[in-house]
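Peer 1: Contents of model-v3.json (JSON, C-alpha atoms) are below:
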```
[["chain", "number", "residue", "atom", "x", "y", "z"],
["R", 1, "MET", "CA", 0.00, 0.00, 0.00],
["R", 2, "ARG", "CA", 1.40, 3.42, -0.94],
["R", 3, "GLY", "CA", 0.88, 6.49, 1.24],
["R", 4, "ALA", "CA", -1.17, 6.90, 4.37],
["R", 5, "LEU", "CA", -4.65, 5.47, 4.53],
["R", 6, "ALA", "CA", -7.38, 7.87, 5.66],
["R", 7, "LEU", "CA", -10.67, 6.78, 7.17],
["R", 8, "LYS", "CA", -13.49, 9.25, 6.63],
["R", 9, "GLN", "CA", -16.92, 9.31, 8.24],
["R", 10, "ALA", "CA", -19.36, 7.51, 5.91],
["R", 11, "THR", "CA", -22.27, 9.43, 4.41],
["R", 12, "GLU", "CA", -25.61, 8.49, 2.86],
["R", 13, "SER", "CA", -23.92, 8.48, -0.56],
["R", 14, "ASP", "CA", -21.73, 5.55, 0.65],
["R", 15, "VAL", "CA", -24.61, 3.23, 1.64],
["R", 16, "VAL", "CA", -24.84, 1.24, -1.61],
["R", 17, "ALA", "CA", -21.05, 0.87, -1.95],
["R", 18, "ILE", "CA", -20.68, -0.28, 1.69],
["R", 19, "ALA", "CA", -23.48, -2.85, 1.25],
["R", 20, "LYS", "CA", -21.84, -4.14, -1.95],
["R", 21, "LEU", "CA", -18.45, -4.35, -0.24],
["R", 22, "ARG", "CA", -19.86, -6.30, 2.71],
["R", 23, "ALA", "CA", -21.68, -8.63, 0.31],
["R", 24, "ALA", "CA", -18.51, -9.17, -1.75],
["R", 25, "VAL", "CA", -16.52, -10.08, 1.38],
["R", 26, "ALA", "CA", -19.26, -12.48, 2.57],
["R", 27, "HIS", "CA", -19.29, -14.14, -0.88],
["R", 28, "HIS", "CA", -15.49, -14.38, -0.92],
["R", 29, "LEU", "CA", -15.36, -15.98, 2.54],
["R", 30, "THR", "CA", -18.15, -18.40, 1.65],
["R", 31, "SER", "CA", -16.45, -19.34, -1.64],
["R", 32, "THR", "CA", -13.16, -19.89, 0.16],
["R", 33, "PHE", "CA", -14.25, -21.51, 3.44],
["R", 34, "GLY", "CA", -17.80, -22.73, 2.86],
["R", 35, "HIS", "CA", -21.02, -21.58, 4.44],
["R", 36, "GLY", "CA", -20.79, -20.16, 7.97],
["R", 37, "HIS", "CA", -21.77, -17.21, 10.12],
["R", 38, "TRP", "CA", -19.67, -15.04, 7.80],
["R", 39, "SER", "CA", -21.94, -15.83, 4.86],
["R", 40, "ALA", "CA", -24.67, -13.27, 5.55],
["R", 41, "PRO", "CA", -24.21, -10.41, 3.09],
["R", 42, "GLY", "CA", -24.60, -6.82, 4.21],
["R", 43, "THR", "CA", -27.75, -5.01, 3.22],
["R", 44, "GLU", "CA", -28.42, -1.37, 2.48],
["R", 45, "ASN", "CA", -30.86, -1.28, 5.42],
["R", 46, "GLY", "CA", -28.17, -2.65, 7.74],
["R", 47, "VAL", "CA", -25.71, -0.04, 6.52],
["R", 48, "ARG", "CA", -28.30, 2.71, 7.05],
["R", 49, "LEU", "CA", -28.75, 1.51, 10.65],
["R", 50, "ASP", "CA", -24.97, 1.76, 11.14],
["R", 51, "LEU", "CA", -24.93, 5.17, 9.46],
["R", 52, "GLY", "CA", -27.47, 6.45, 11.97],
["R", 53, "LYS", "CA", -24.88, 6.07, 14.74],
["R", 54, "PRO", "CA", -21.45, 7.72, 14.94],
["R", 55, "GLY", "CA", -18.37, 5.76, 13.93],
["R", 56, "LEU", "CA", -19.02, 4.27, 10.47],
["R", 57, "PHE", "CA", -15.90, 4.92, 8.41],
["R", 58, "VAL", "CA", -14.78, 4.31, 4.84],
["R", 59, "ALA", "CA", -11.45, 4.32, 3.01],
["R", 60, "ARG", "CA", -11.16, 5.19, -0.65],
["R", 61, "ARG", "CA", -8.62, 4.86, -3.41],
["R", 62, "GLY", "CA", -9.56, 7.66, -5.72],
["R", 63, "ARG", "CA", -13.35, 7.55, -5.85],
["R", 64, "ARG", "CA", -13.55, 3.79, -5.20],
["R", 65, "LEU", "CA", -14.54, 2.60, -1.73],
["R", 66, "ILE", "CA", -11.93, 0.00, -0.74],
["R", 67, "ALA", "CA", -12.62, -0.61, 2.96],
["R", 68, "THR", "CA", -15.01, 0.08, 5.78],
["R", 69, "LEU", "CA", -15.25, -0.42, 9.52],
["R", 70, "ARG", "CA", -17.32, 0.72, 12.45],
["R", 71, "LEU", "CA", -16.10, 1.96, 15.83],
["R", 72, "SER", "CA", -18.68, 2.20, 18.58],
["R", 73, "THR", "CA", -18.91, 2.79, 22.30],
["R", 74, "LYS", "CA", -21.83, 0.35, 22.42],
["R", 75, "LYS", "CA", -20.80, -3.21, 23.28],
["R", 76, "PRO", "CA", -21.80, -5.78, 20.62],
["R", 77, "TRP", "CA", -24.08, -8.61, 21.76],
["R", 78, "ALA", "CA", -21.36, -11.29, 21.61],
["R", 79, "ILE", "CA", -18.78, -9.44, 23.74],
["R", 80, "ASP", "CA", -18.38, -10.37, 27.40],
["R", 81, "PRO", "CA", -16.52, -7.44, 29.02],
["R", 82, "THR", "CA", -15.17, -9.57, 31.88],
["R", 83, "TYR", "CA", -12.43, -10.86, 29.54],
["R", 84, "PHE", "CA", -10.97, -7.42, 28.85],
["R", 85, "THR", "CA", -8.71, -4.92, 30.63],
["R", 86, "ASP", "CA", -10.53, -2.68, 33.08],
["R", 87, "ILE", "CA", -10.36, 0.75, 31.42],
["R", 88, "GLY", "CA", -12.54, 3.84, 31.25],
["R", 89, "LEU", "CA", -13.86, 3.91, 27.69],
["R", 90, "PRO", "CA", -13.38, 1.10, 25.16],
["R", 91, "LEU", "CA", -14.34, 1.27, 21.51],
["R", 92, "TYR", "CA", -15.66, -1.81, 19.73],
["R", 93, "LEU", "CA", -14.60, -2.55, 16.17],
["R", 94, "THR", "CA", -17.22, -4.24, 14.00],
["R", 95, "ASN", "CA", -18.06, -4.73, 10.33],
["R", 96, "MET", "CA", -14.53, -4.34, 9.00],
["R", 97, "ALA", "CA", -14.32, -5.23, 5.34],
["R", 98, "VAL", "CA", -11.66, -4.80, 2.64],
["R", 99, "GLN", "CA", -12.30, -5.40, -1.06],
["R", 100, "PRO", "CA", -11.43, -9.09, -1.57],
["R", 101, "GLU", "CA", -8.95, -8.48, -4.39],
["R", 102, "LEU", "CA", -7.12, -5.88, -2.25],
["R", 103, "GLN", "CA", -6.78, -8.04, 0.85],
["R", 104, "ARG", "CA", -3.21, -8.84, 1.92],
["R", 105, "SER", "CA", -2.00, -5.53, 0.46],
["R", 106, "GLY", "CA", -1.72, -3.53, 3.70],
["R", 107, "ILE", "CA", -5.12, -1.85, 3.49],
["R", 108, "GLY", "CA", -6.56, -3.72, 6.48],
["R", 109, "ARG", "CA", -3.48, -2.94, 8.59],
["R", 110, "GLY", "CA", -3.73, 0.71, 7.52],
["R", 111, "CYS", "CA", -7.40, 0.77, 8.54],
["R", 112, "LEU", "CA", -6.54, -0.60, 11.97],
["R", 113, "GLU", "CA", -3.74, 1.93, 12.49],
["R", 114, "GLU", "CA", -6.10, 4.73, 11.52],
["R", 115, "ALA", "CA", -8.72, 3.26, 13.90],
["R", 116, "VAL", "CA", -6.15, 3.42, 16.71],
["R", 117, "ARG", "CA", -5.49, 7.08, 15.88],
["R", 118, "ILE", "CA", -9.23, 7.78, 15.94],
["R", 119, "ALA", "CA", -9.56, 5.95, 19.26],
["R", 120, "ARG", "CA", -6.79, 8.06, 20.82],
["R", 121, "ASP", "CA", -8.56, 11.23, 19.62],
["R", 122, "TRP", "CA", -11.99, 10.00, 20.84],
["R", 123, "PRO", "CA", -10.45, 9.51, 23.59],
["R", 124, "ALA", "CA", -10.75, 5.81, 24.30],
["R", 125, "GLY", "CA", -8.50, 3.45, 26.23],
["R", 126, "ALA", "CA", -8.75, 0.39, 23.97],
["R", 127, "ILE", "CA", -10.23, -1.13, 20.84],
["R", 128, "ARG", "CA", -11.99, -4.45, 21.39],
["R", 129, "LEU", "CA", -13.38, -6.95, 18.92],
["R", 130, "ASP", "CA", -14.37, -10.54, 18.38],
["R", 131, "ALA", "CA", -13.33, -12.76, 15.49],
["R", 132, "TYR", "CA", -14.66, -16.14, 14.39],
["R", 133, "ASP", "CA", -12.60, -18.97, 15.83],
["R", 134, "ALA", "CA", -12.60, -20.70, 12.46],
["R", 135, "GLU", "CA", -10.50, -20.84, 9.33],
["R", 136, "ALA", "CA", -12.54, -17.92, 7.96],
["R", 137, "GLY", "CA", -11.81, -15.83, 11.07],
["R", 138, "ALA", "CA", -9.35, -12.96, 10.98],
["R", 139, "GLY", "CA", -7.77, -13.60, 14.38],
["R", 140, "GLY", "CA", -4.27, -14.11, 13.06],
["R", 141, "PHE", "CA", -4.52, -10.83, 11.17],
["R", 142, "TYR", "CA", -5.57, -8.93, 14.29],
["R", 143, "ALA", "CA", -2.73, -10.49, 16.29],
["R", 144, "ARG", "CA", -0.20, -9.43, 13.62],
["R", 145, "CYS", "CA", -1.63, -5.89, 13.89],
["R", 146, "GLY", "CA", -0.91, -5.58, 17.60],
["R", 147, "PHE", "CA", -4.13, -6.89, 19.11],
["R", 148, "ARG", "CA", -3.77, -9.44, 21.88],
["R", 149, "GLU", "CA", -6.04, -12.39, 22.43],
["R", 150, "VAL", "CA", -7.86, -12.07, 25.75],
["R", 151, "GLY", "CA", -10.31, -14.97, 25.62],
["R", 152, "ARG", "CA", -12.17, -17.65, 23.73],
["R", 153, "VAL", "CA", -15.91, -18.23, 24.08],
["R", 154, "VAL", "CA", -18.80, -19.93, 22.38],
["R", 155, "TYR", "CA", -21.71, -17.56, 22.00],
["R", 156, "ARG", "CA", -24.98, -19.02, 20.66],
["R", 157, "SER", "CA", -23.00, -21.95, 19.17],
["R", 158, "VAL", "CA", -20.51, -19.60, 17.47],
["R", 159, "PRO", "CA", -16.87, -20.02, 18.59],
["R", 160, "LEU", "CA", -15.27, -16.59, 19.01],
["R", 161, "VAL", "CA", -11.89, -15.18, 19.99],
["R", 162, "TYR", "CA", -11.78, -11.84, 21.80],
["R", 163, "TYR", "CA", -9.02, -9.37, 20.96],
["R", 164, "GLU", "CA", -7.99, -6.07, 22.48],
["R", 165, "ARG", "CA", -5.51, -3.32, 21.71],
["R", 166, "LEU", "CA", -4.82, -0.73, 24.37],
["R", 167, "VAL", "CA", -4.41, 2.76, 22.93]]
```
For the structure just supplied, provide its representation as structure tokens.
Peer 2:
Amino acid sequence: MRGALALKQATESDVVAIAKLRAAVAHHLTSTFGHGHWSAPGTENGVRLDLGKPGLFVARRGRRLIATLRLSTKKPWAIDPTYFTDIGLPLYLTNMAVQPELQRSGIGRGCLEEAVRIARDWPAGAIRLDAYDAEAGAGGFYARCGFREVGRVVYRSVPLVYYERLV
């Protein structure tokens, strides 16, 4: 990846592109690893729900949307906070997606570094997330990007790994 990656707050004009990106990633994971919890494609309605809350970001290369993620102060349903460091304000990373053909090019790492910068400015003490404990999960990627594993759980029959990065 050349140059710094910038995450910008998503707008209504990004809804269709974000939904298409999430659907492309779900299709790619399903094609590669078979059907699983990762197979549900994003919808425009789901993106609009995310857009109604602060913290939905996009990255572009030129005019093309190449990545998206959401940072939120609201704990996702599958996160058990007892596994994490006791800090004042955590942010939760959800719905990260990078165009499938651009994965493994540094874009995801750049998005996470930019998310850390945003978290410091928020200000937040950590970024937390869960990843599927399966071949399709991105746990190894998060670990290589400075997140540490803090626990493993099964939530509603879905094996998850919790990760955290103090900021």
Peer 1: Name the residues in contact with range 36-48 of chain R at a cut-off of 7 Å, using only C-alpha atoms, excluding same-chain residues fewer than 5 positions from it; report them as an NGL selection string.
Peer 2: :R and (15-16 or 18-19 or 22-23 or 26-27 or 29-30)
Peer 1: Kindly provide the residues of range 121-159 of chain R that approach range 92-107 of chain R to within 9 Å, each paired with its closest atom pair and their distance in Å to one decimal, based on all atoms listed in the file, listed by chain and increasing number, as CSV.
Peer 2:
```
residue,atom,partner,partner_atom,distance
R:Ala126,CA,R:Tyr92,CA,8.4
R:Ile127,CA,R:Tyr92,CA,5.6
R:Arg128,CA,R:Tyr92,CA,4.8
R:Leu129,CA,R:Leu93,CA,5.3
R:Asp130,CA,R:Thr94,CA,8.2
```
Peer 1: Would you mind listing what lies within 8 Å of Ala131 in chain R as a ChimeraX atom specification, with all atoms listed in the file counted and same-chain residues fewer than 2 positions away left out?
Peer 2: /R:129,133,137-139,160-163
Peer 1: Tell me which of R:Glu135, R:Ile118, R:Ile87, R:Gly34 sits closest to Leu166 in chain R, counting all atoms listed in the file.
Peer 2: R:Ile87
Peer 1: In Å, with one decimal, what is the gap from CA of Lys75 in chain R to CA of Arg156 in chain R?
Peer 2: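 One can read the CA of Lys75 in chain R to CA of Arg156 in chain R distance as 16.6 Å.
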Peer 1: I need the residue nearest Gln9 in chain R from this list: R:His28, R:Arg70, R:Arg61, R:Arg148. Use only C-alpha atoms for the distance.
Peer 2: R:Arg70
Peer 1: Please determine, counting only C-alpha atoms, which residue among R:Phe147, R:Leu69, R:Arg152, R:Val167 has the shortest atom-to-atom distance to Leu89 in chain R.
Peer 2: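 Under the stated criterion, the closest residue is R:Val167.
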Peer 1: Would you work out the distance separating CA of Ala59 in chain R from CA of Leu7 in chain R, expressed in Å to one decimal?
Peer 2: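 Separating CA of Ala59 in chain R from CA of Leu7 in chain R is a distance of 4.9 Å.
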Peer 1: Here's a test: counting only C-alpha atoms, identify every protein, DNA and RNA residue with an atom at most 9 Å from (-6.6, -0.7, 12.7) in the file's coordinate frame, and state them as number ranges by chain.
Peer 2: R: 93, 108-117, 127, 142, 145-146
Peer 1: Write out, as a compact mmCIF listing (two decimals), keeping the file's coordinate frame, the residues just selected, with C-alpha atoms.
Peer 2:
```txt
# COMPACT_ATOMS: atom_id res chain seq x y z
CA LEU R 93 -14.60 -2.55 16.17
CA GLY R 108 -6.56 -3.72 6.48
CA ARG R 109 -3.48 -2.94 8.59
CA GLY R 110 -3.73 0.71 7.52
CA CYS R 111 -7.40 0.77 8.54
CA LEU R 112 -6.54 -0.60 11.97
CA GLU R 113 -3.74 1.93 12.49
CA GLU R 114 -6.10 4.73 11.52
CA ALA R 115 -8.72 3.26 13.90
CA VAL R 116 -6.15 3.42 16.71
CA ARG R 117 -5.49 7.08 15.88
CA ILE R 127 -10.23 -1.13 20.84
CA TYR R 142 -5.57 -8.93 14.29
CA CYS R 145 -1.63 -5.89 13.89
CA GLY R 146 -0.91 -5.58 17.60
```
Peer 1: Would you compute the distance between CA of Leu51 in chain R and CA of Arg64 in chain R? Give it in Å to one decimal.
Peer 2: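 Atom-to-atom, CA of Leu51 in chain R to CA of Arg64 in chain R, that is 18.6 Å.
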Peer 1: Could you please give me, as a PDB file with C-alpha atoms, in the coordinates of the input, the residues of protein, DNA or RNA lying at most 12 Å from (-13.0, 12.6, 20.7) in the coordinate frame of the file, considering all atoms listed in the file?
Peer 2:
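New file out-v2.pdb:
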```
ATOM      1  CA  PRO R  54     -21.450   7.720  14.940  1.00  0.00           C
ATOM      2  CA  GLY R  55     -18.370   5.760  13.930  1.00  0.00           C
ATOM      3  CA  THR R  73     -18.910   2.790  22.300  1.00  0.00           C
ATOM      4  CA  LEU R  89     -13.860   3.910  27.690  1.00  0.00           C
ATOM      5  CA  LEU R  91     -14.340   1.270  21.510  1.00  0.00           C
ATOM      6  CA  ARG R 117      -5.490   7.080  15.880  1.00  0.00           C
ATOM      7  CA  ILE R 118      -9.230   7.780  15.940  1.00  0.00           C
ATOM      8  CA  ALA R 119      -9.560   5.950  19.260  1.00  0.00           C
ATOM      9  CA  ARG R 120      -6.790   8.060  20.820  1.00  0.00           C
ATOM     10  CA  ASP R 121      -8.560  11.230  19.620  1.00  0.00           C
ATOM     11  CA  TRP R 122     -11.990  10.000  20.840  1.00  0.00           C
ATOM     12  CA  PRO R 123     -10.450   9.510  23.590  1.00  0.00           C
ATOM     13  CA  ALA R 124     -10.750   5.810  24.300  1.00  0.00           C
ATOM     14  CA  GLY R 125      -8.500   3.450  26.230  1.00  0.00           C
TER      15      GLY R 125
END
```
Peer 1: Around all listed atoms of range 147-165 of chain R, padded 5 Å per side, what centre and edge lengths does the axis-aligned box have in Å to one decimal, as AutoDock Vina command-line options?
Peer 2:
```
--center_x -14.4 --center_y -12.6 --center_z 21.6 --size_x 31.2 --size_y 28.6 --size_z 18.3
```
Peer 1: Of the residues R:Thr68, R:His35, R:Asp50, R:Pro81, which is the one nearest to Lys8 in chain R, using only C-alpha atoms?
Peer 2: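 Looking at the shortest contact to Lys8 in chain R, the residue is R:Thr68.
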Peer 1: I'd like to know which of R:Leu65, R:Ala136, R:Ala143, R:Val153 is closest to Phe33 in chain R, using only C-alpha atoms.
Peer 2: R:Ala136
Peer 1: Closest to Ala24 in chain R among R:Ile66, R:Leu5, R:Pro76, R:Glu12, using all atoms listed in the file?
Peer 2: R:Ile66
